[in-house]
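Enquirer: Starting off with a structure, shown below.
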Amino acid sequence: MANKTSPPSQTIDPYQHLKIVHNPNDTLTRSIDFPSTLPSSDTTLPISVLTKDVTINQSNNTWLRLFLPRKAIPVHGYSTSNQNHKLPLIVYFHGSGFIITSAASTMSHDFCVNMAESIEAVVASVEYRLAPEHRLPAAYDDAMETLVWITSSQDEWLTHYVDYSNCYLMGSSAGATIAYYAGLRAAQEVDHLEPLKIQGLILRQPFFGGTKRSGSELRHENDPVLPLCVSDLLWELALPIGVDREHEYCNLRAENCLEKLDKIEVLGWRVLVSGNGGDPLVDREKELVKLMEEKGVQVVSDFEEEGCHGVEFSDSSKAKQLIEIVKGFISSFGA
């Protein structure tokens, strides 16, 4: 990690880049209308993956979008008692810097459809609360609440088709950060999550920070996708008021987080960290791999030199490649 702490140049307006206005009452006016997709569980339609939304916490407006591969459904109905047909569960957290988009956003929906179909897994995509209206740890709390909800839910898609012993927490960008911190917390509370057994974390371009600049942040200071000033603003809006990027909700090396990693090693969880050389976050992602190795955690790294932040959402070949890597990671469980 580089030691330089200079602020980013102001050639880019981060508010204009994100199309947001930060209001005096600590809310955002979000001007980008991201395309969204409605769920469909209509078996008369020619769709390969059925989807539906289920409520987690009505007062917080948190919910899950479930993705069920149609091929998992027996010809004569939803019910199956054959344990061999149970599917892995991927609990997925969308990205976008903790502050924008949704589990219903078309880019996240389509990615989860492709994952569910290609991997043959049930995907549970989490609609968590956004910052700054709900600053961290709200999203981390929502993630943990979702895991607890899954353990007691009687939803037939979960009870009939999910292998609770084969669960993975996955996210993209800030969603990967949520998956990571949810994993740290879940590792301390495994007894309370029965019958759910988490086997590992799948962290795609995780979003971490620090007051010291990394080499890749400096190299890609004016990156067209995630310039440094935008990254700084995202943390400013997401973190509790009055703290900096050395805080435990943000910094990999925060002491509280380091202690919790020991439990992940004891539990034998595996971790996949995936990144791209054209991403300003890549050096922090490599730092995460190094940290996992120091702690004795089973870590698999997938770094490709080409590709920008979020490239899988704009390049279908990259999305397919990523999903195949995730599929291989999950299929190696118990091997």
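Just remember, in the structure tokens the first chain shown is A, the second B, etc., residues are 1-based per chain, and ligands are 1-based in the order shown.
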Which polymer residues have any atom within 9 Å of an atom of region 240-246 of chain A, counting only C-alpha atoms, with same-chain residues fewer than 3 positions away left out, as a ChimeraX atom specification?
Expert: /A:132,135-137,208-212,232,235-237,249-254
Enquirer: Using N, CA and C atoms, can you write the selected residues to a file as a PDB file, in the first residue's frame?
Expert:
ATOM      1  N   PRO A 132     -26.825   7.936   2.617  1.00  0.00           N
ATOM      2  CA  PRO A 132     -26.555   8.337   4.002  1.00  0.00           C
ATOM      3  C   PRO A 132     -27.799   8.337   4.887  1.00  0.00           C
ATOM      4  N   ARG A 135     -26.784   5.220   7.565  1.00  0.00           N
ATOM      5  CA  ARG A 135     -25.337   5.049   7.495  1.00  0.00           C
ATOM      6  C   ARG A 135     -24.915   3.700   8.086  1.00  0.00           C
ATOM      7  N   LEU A 136     -23.710   3.273   7.685  1.00  0.00           N
ATOM      8  CA  LEU A 136     -23.165   2.039   8.256  1.00  0.00           C
ATOM      9  C   LEU A 136     -23.124   2.146   9.777  1.00  0.00           C
ATOM     10  N   PRO A 137     -23.479   1.069  10.475  1.00  0.00           N
ATOM     11  CA  PRO A 137     -23.542  -0.319   9.998  1.00  0.00           C
ATOM     12  C   PRO A 137     -24.920  -0.786   9.553  1.00  0.00           C
ATOM     13  N   PHE A 208     -12.875  -1.369  -0.095  1.00  0.00           N
ATOM     14  CA  PHE A 208     -12.314  -1.014   1.202  1.00  0.00           C
ATOM     15  C   PHE A 208     -11.600   0.323   1.078  1.00  0.00           C
ATOM     16  N   GLY A 209     -11.270   0.912   2.213  1.00  0.00           N
ATOM     17  CA  GLY A 209     -10.640   2.224   2.170  1.00  0.00           C
ATOM     18  C   GLY A 209      -9.626   2.418   3.280  1.00  0.00           C
ATOM     19  N   GLY A 210      -9.001   3.576   3.250  1.00  0.00           N
ATOM     20  CA  GLY A 210      -8.016   3.971   4.258  1.00  0.00           C
ATOM     21  C   GLY A 210      -7.591   5.389   3.982  1.00  0.00           C
ATOM     22  N   THR A 211      -7.037   6.045   4.974  1.00  0.00           N
ATOM     23  CA  THR A 211      -6.605   7.431   4.776  1.00  0.00           C
ATOM     24  C   THR A 211      -5.354   7.500   3.896  1.00  0.00           C
ATOM     25  N   LYS A 212      -4.547   6.446   3.886  1.00  0.00           N
ATOM     26  CA  LYS A 212      -3.383   6.388   3.009  1.00  0.00           C
ATOM     27  C   LYS A 212      -3.805   5.848   1.649  1.00  0.00           C
ATOM     28  N   ASP A 232     -13.838   8.601  -2.356  1.00  0.00           N
ATOM     29  CA  ASP A 232     -13.799   9.365  -1.102  1.00  0.00           C
ATOM     30  C   ASP A 232     -15.198   9.805  -0.682  1.00  0.00           C
ATOM     31  N   TRP A 235     -17.413   6.957   0.769  1.00  0.00           N
ATOM     32  CA  TRP A 235     -17.113   6.660   2.170  1.00  0.00           C
ATOM     33  C   TRP A 235     -17.607   7.773   3.088  1.00  0.00           C
ATOM     34  N   GLU A 236     -17.489   9.008   2.642  1.00  0.00           N
ATOM     35  CA  GLU A 236     -17.981  10.135   3.447  1.00  0.00           C
ATOM     36  C   GLU A 236     -19.483  10.012   3.699  1.00  0.00           C
ATOM     37  N   LEU A 237     -20.222   9.547   2.711  1.00  0.00           N
ATOM     38  CA  LEU A 237     -21.672   9.413   2.835  1.00  0.00           C
ATOM     39  C   LEU A 237     -22.088   8.140   3.573  1.00  0.00           C
ATOM     40  N   TYR A 249     -15.406  -0.166   9.947  1.00  0.00           N
ATOM     41  CA  TYR A 249     -16.387  -0.465   8.907  1.00  0.00           C
ATOM     42  C   TYR A 249     -15.804  -0.321   7.508  1.00  0.00           C
ATOM     43  N   CYS A 250     -14.549   0.117   7.431  1.00  0.00           N
ATOM     44  CA  CYS A 250     -13.965   0.495   6.145  1.00  0.00           C
ATOM     45  C   CYS A 250     -12.579  -0.103   5.932  1.00  0.00           C
ATOM     46  N   ASN A 251     -11.767  -0.109   6.988  1.00  0.00           N
ATOM     47  CA  ASN A 251     -10.348  -0.427   6.863  1.00  0.00           C
ATOM     48  C   ASN A 251     -10.070  -1.890   7.191  1.00  0.00           C
ATOM     49  N   LEU A 252      -9.411  -2.568   6.279  1.00  0.00           N
ATOM     50  CA  LEU A 252      -9.107  -3.988   6.444  1.00  0.00           C
ATOM     51  C   LEU A 252      -8.286  -4.286   7.686  1.00  0.00           C
ATOM     52  N   ARG A 253      -7.408  -3.367   8.034  1.00  0.00           N
ATOM     53  CA  ARG A 253      -6.461  -3.621   9.118  1.00  0.00           C
ATOM     54  C   ARG A 253      -6.957  -3.133  10.475  1.00  0.00           C
ATOM     55  N   ALA A 254      -8.209  -2.707  10.567  1.00  0.00           N
ATOM     56  CA  ALA A 254      -8.756  -2.288  11.860  1.00  0.00           C
ATOM     57  C   ALA A 254      -8.694  -3.469  12.829  1.00  0.00           C
TER      58      ALA A 254
END
Enquirer: Show me, as a Markdown table, the residues of region 99-161 of chain A having an atom within 8 Å of region 323-329 of chain A, each with the closest atom pair and its distance in Å, using only C-alpha atoms.
Expert:
| residue | atom | partner | partner_atom | distance |
| --- | --- | --- | --- | --- |
| A:Asn114 | CA | A:Ile323 | CA | 7.9 |
| A:Met115 | CA | A:Ile323 | CA | 6.1 |
| A:Ser118 | CA | A:Ile323 | CA | 7.4 |
| A:Ile119 | CA | A:Lys327 | CA | 5.3 |
Enquirer: So what do you get for CA of Thr27 (chain A) versus CA of Ile100 (chain A), distance-wise?
Expert: 12.0 Å
Enquirer: May I have a table of the residues of region 245-317 of chain A lying at most 10 Å from region 215-224 of chain A, giving each one's closest pair of atoms and their distance in Å to one decimal, counting only C-alpha atoms, ordered by chain and ascending residue number, as a Markdown table?
Expert:
| residue | atom | partner | partner_atom | distance |
| --- | --- | --- | --- | --- |
| A:Gly277 | CA | A:Ser216 | CA | 8.4 |
| A:Gly278 | CA | A:His220 | CA | 7.7 |
| A:Asp279 | CA | A:Ser216 | CA | 7.4 |
| A:Pro280 | CA | A:Glu217 | CA | 4.7 |
| A:Leu281 | CA | A:Glu217 | CA | 6.5 |
| A:Val282 | CA | A:Ser216 | CA | 6.4 |
| A:Asp283 | CA | A:Ser216 | CA | 5.7 |
| A:Arg284 | CA | A:Ser216 | CA | 8.3 |
| A:Cys308 | CA | A:Asp223 | CA | 8.8 |
| A:His309 | CA | A:Asp223 | CA | 9.3 |
Enquirer: Would you pick out the contacts of Ser274 (chain A) at 9 Å or less, using only C-alpha atoms, so that residues sharing its chain but fewer than 2 positions from it are not included, and give the list as a PyMOL selection string?
Expert: chain A and resi 202-206+272+276+285+300-304+322
Enquirer: Can you measure CA of Ser173 (chain A) to CA of Val49 (chain A) for me? One decimal in Å is fine.
Expert: 24.4 Å
Enquirer: Nearest residue to Thr51 (chain A) out of A:Thr37, A:Gln321, A:Gln188, A:Asn256, using only C-alpha atoms?
Expert: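 Of all the options, A:Thr37 lies closest to Thr51 (chain A).
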Enquirer: Quick one: pick out all helix (DSSP H, G or I) residues within region 84-310 of chain A from a backbone DSSP run and write them as an NGL selection string.
Expert: :A and (84-85 or 106-119 or 138-152 or 156-161 or 174-188 or 190-193 or 215-219 or 228-238 or 255-267 or 282-294)
Enquirer: For Ser105 (chain A), please output as a list in words all residues within 10 Å (counting only C-alpha atoms; exclusion window: fewer than 5 positions along the same chain).
Expert: Asp33, Phe34, Pro35, Ser36, Thr37, Leu38, His94, Ile100 and Asp110 of chain A
Enquirer: Mind dumping the selected residues with N, CA and C atoms as a PDB file, in the first residue's frame?
Expert:
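In the end it all went to result20.pdb:
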ATOM      1  N   ASP A  33     -32.154   7.343 -12.893  1.00  0.00           N
ATOM      2  CA  ASP A  33     -33.240   6.374 -12.812  1.00  0.00           C
ATOM      3  C   ASP A  33     -32.740   5.058 -13.400  1.00  0.00           C
ATOM      4  N   PHE A  34     -32.203   4.186 -12.527  1.00  0.00           N
ATOM      5  CA  PHE A  34     -31.654   2.921 -13.005  1.00  0.00           C
ATOM      6  C   PHE A  34     -32.787   2.001 -13.461  1.00  0.00           C
ATOM      7  N   PRO A  35     -32.645   1.377 -14.615  1.00  0.00           N
ATOM      8  CA  PRO A  35     -33.678   0.427 -15.061  1.00  0.00           C
ATOM      9  C   PRO A  35     -33.873  -0.673 -14.027  1.00  0.00           C
ATOM     10  N   SER A  36     -35.120  -1.063 -13.822  1.00  0.00           N
ATOM     11  CA  SER A  36     -35.414  -2.121 -12.865  1.00  0.00           C
ATOM     12  C   SER A  36     -36.236  -3.215 -13.550  1.00  0.00           C
ATOM     13  N   THR A  37     -36.244  -4.378 -12.924  1.00  0.00           N
ATOM     14  CA  THR A  37     -36.958  -5.537 -13.464  1.00  0.00           C
ATOM     15  C   THR A  37     -37.877  -6.103 -12.398  1.00  0.00           C
ATOM     16  N   LEU A  38     -39.106  -6.385 -12.779  1.00  0.00           N
ATOM     17  CA  LEU A  38     -40.050  -6.996 -11.853  1.00  0.00           C
ATOM     18  C   LEU A  38     -39.788  -8.500 -11.768  1.00  0.00           C
ATOM     19  N   HIS A  94     -25.840  -6.468  -3.776  1.00  0.00           N
ATOM     20  CA  HIS A  94     -25.490  -5.625  -4.921  1.00  0.00           C
ATOM     21  C   HIS A  94     -24.522  -4.517  -4.495  1.00  0.00           C
ATOM     22  N   ILE A 100     -26.658   3.800  -3.869  1.00  0.00           N
ATOM     23  CA  ILE A 100     -27.599   3.788  -4.995  1.00  0.00           C
ATOM     24  C   ILE A 100     -27.857   2.355  -5.449  1.00  0.00           C
ATOM     25  N   ASP A 110     -30.335  -9.335 -13.694  1.00  0.00           N
ATOM     26  CA  ASP A 110     -29.877 -10.184 -14.800  1.00  0.00           C
ATOM     27  C   ASP A 110     -28.652 -11.008 -14.399  1.00  0.00           C
TER      28      ASP A 110
END
Enquirer: Give the strand (DSSP E or B) residues of region 1-242 of chain A, as DSSP finds them on the backbone, and put them as number ranges by chain.
Expert: A: 20-22, 28-30, 36, 49-57, 62-69, 87-93, 105, 122-127, 162-172, 198-204
Enquirer: For those residues, write C-alpha atoms to a file as a CSV table (one decimal), in the first residue's frame.
Expert:
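Dumped everything to selection.csv:
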chain,number,residue,atom,x,y,z
A,20,ILE,CA,-26.7,13.1,-6.6
A,21,VAL,CA,-27.4,16.1,-4.4
A,22,HIS,CA,-26.6,15.8,-0.7
A,28,LEU,CA,-29.8,12.3,-1.1
A,29,THR,CA,-31.6,13.4,-4.2
A,30,ARG,CA,-30.8,10.7,-6.7
A,36,SER,CA,-35.4,-2.1,-12.9
A,49,VAL,CA,-35.2,-18.8,-13.7
A,50,LEU,CA,-38.2,-18.0,-11.5
A,51,THR,CA,-38.0,-15.0,-9.3
A,52,LYS,CA,-40.0,-13.5,-6.4
A,53,ASP,CA,-39.7,-10.9,-3.6
A,54,VAL,CA,-40.1,-11.7,0.0
A,55,THR,CA,-40.1,-9.3,3.0
A,56,ILE,CA,-37.4,-9.4,5.6
A,57,ASN,CA,-38.2,-6.3,7.7
A,62,THR,CA,-35.7,-4.7,3.5
A,63,TRP,CA,-36.5,-7.7,1.4
A,64,LEU,CA,-35.0,-10.6,-0.7
A,65,ARG,CA,-35.3,-11.3,-4.3
A,66,LEU,CA,-35.2,-15.1,-4.7
A,67,PHE,CA,-33.9,-16.7,-7.9
A,68,LEU,CA,-34.9,-20.4,-8.4
A,69,PRO,CA,-33.6,-22.3,-11.5
A,87,LEU,CA,-29.1,-26.6,-4.3
A,88,PRO,CA,-26.4,-24.3,-2.9
A,89,LEU,CA,-27.6,-21.0,-1.5
A,90,ILE,CA,-25.8,-17.8,-2.6
A,91,VAL,CA,-26.8,-14.8,-0.5
A,92,TYR,CA,-25.9,-11.8,-2.8
A,93,PHE,CA,-25.4,-8.1,-2.1
A,105,SER,CA,-32.0,-3.0,-10.6
A,122,VAL,CA,-30.8,-20.6,-5.4
A,123,VAL,CA,-29.7,-16.9,-5.2
A,124,ALA,CA,-31.1,-14.6,-2.5
A,125,SER,CA,-30.4,-11.0,-3.5
A,126,VAL,CA,-30.7,-8.6,-0.6
A,127,GLU,CA,-32.4,-5.2,-0.6
A,162,VAL,CA,-31.9,-25.1,-0.6
A,163,ASP,CA,-29.1,-27.2,0.9
A,164,TYR,CA,-28.6,-25.2,4.1
A,165,SER,CA,-25.3,-26.8,4.7
A,166,ASN,CA,-23.8,-25.2,1.5
A,167,CYS,CA,-24.3,-21.4,1.8
A,168,TYR,CA,-22.1,-18.6,0.4
A,169,LEU,CA,-22.1,-14.9,1.1
A,170,MET,CA,-21.3,-13.0,-2.1
A,171,GLY,CA,-21.2,-9.4,-3.2
A,172,SER,CA,-20.0,-7.0,-5.8
A,198,ILE,CA,-21.8,-20.8,5.6
A,199,GLN,CA,-19.0,-22.4,3.6
A,200,GLY,CA,-17.3,-19.3,2.4
A,201,LEU,CA,-17.3,-15.8,1.0
A,202,ILE,CA,-17.2,-14.7,-2.6
A,203,LEU,CA,-15.9,-11.1,-2.8
A,204,ARG,CA,-16.0,-9.5,-6.3
Enquirer: Would you work out the distance separating CA of Ser153 (chain A) from CA of His192 (chain A), expressed in Å to one decimal?
Expert: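 CA of His192 (chain A) lies 14.1 Å from CA of Ser153 (chain A).
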Enquirer: Pick from A:His134, A:Lys320, A:Lys290, A:His85: nearest to Cys112 (chain A), with only C-alpha atoms counted?
Expert: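 Once distances to Cys112 (chain A) are computed over only C-alpha atoms, the minimum belongs to A:Lys320.
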Enquirer: Which residue gives the smallest distance to Phe111 (chain A) among A:Ser332, A:Ala319, A:Leu196, A:Gly310, with only C-alpha atoms counted?
Expert: A:Ala319
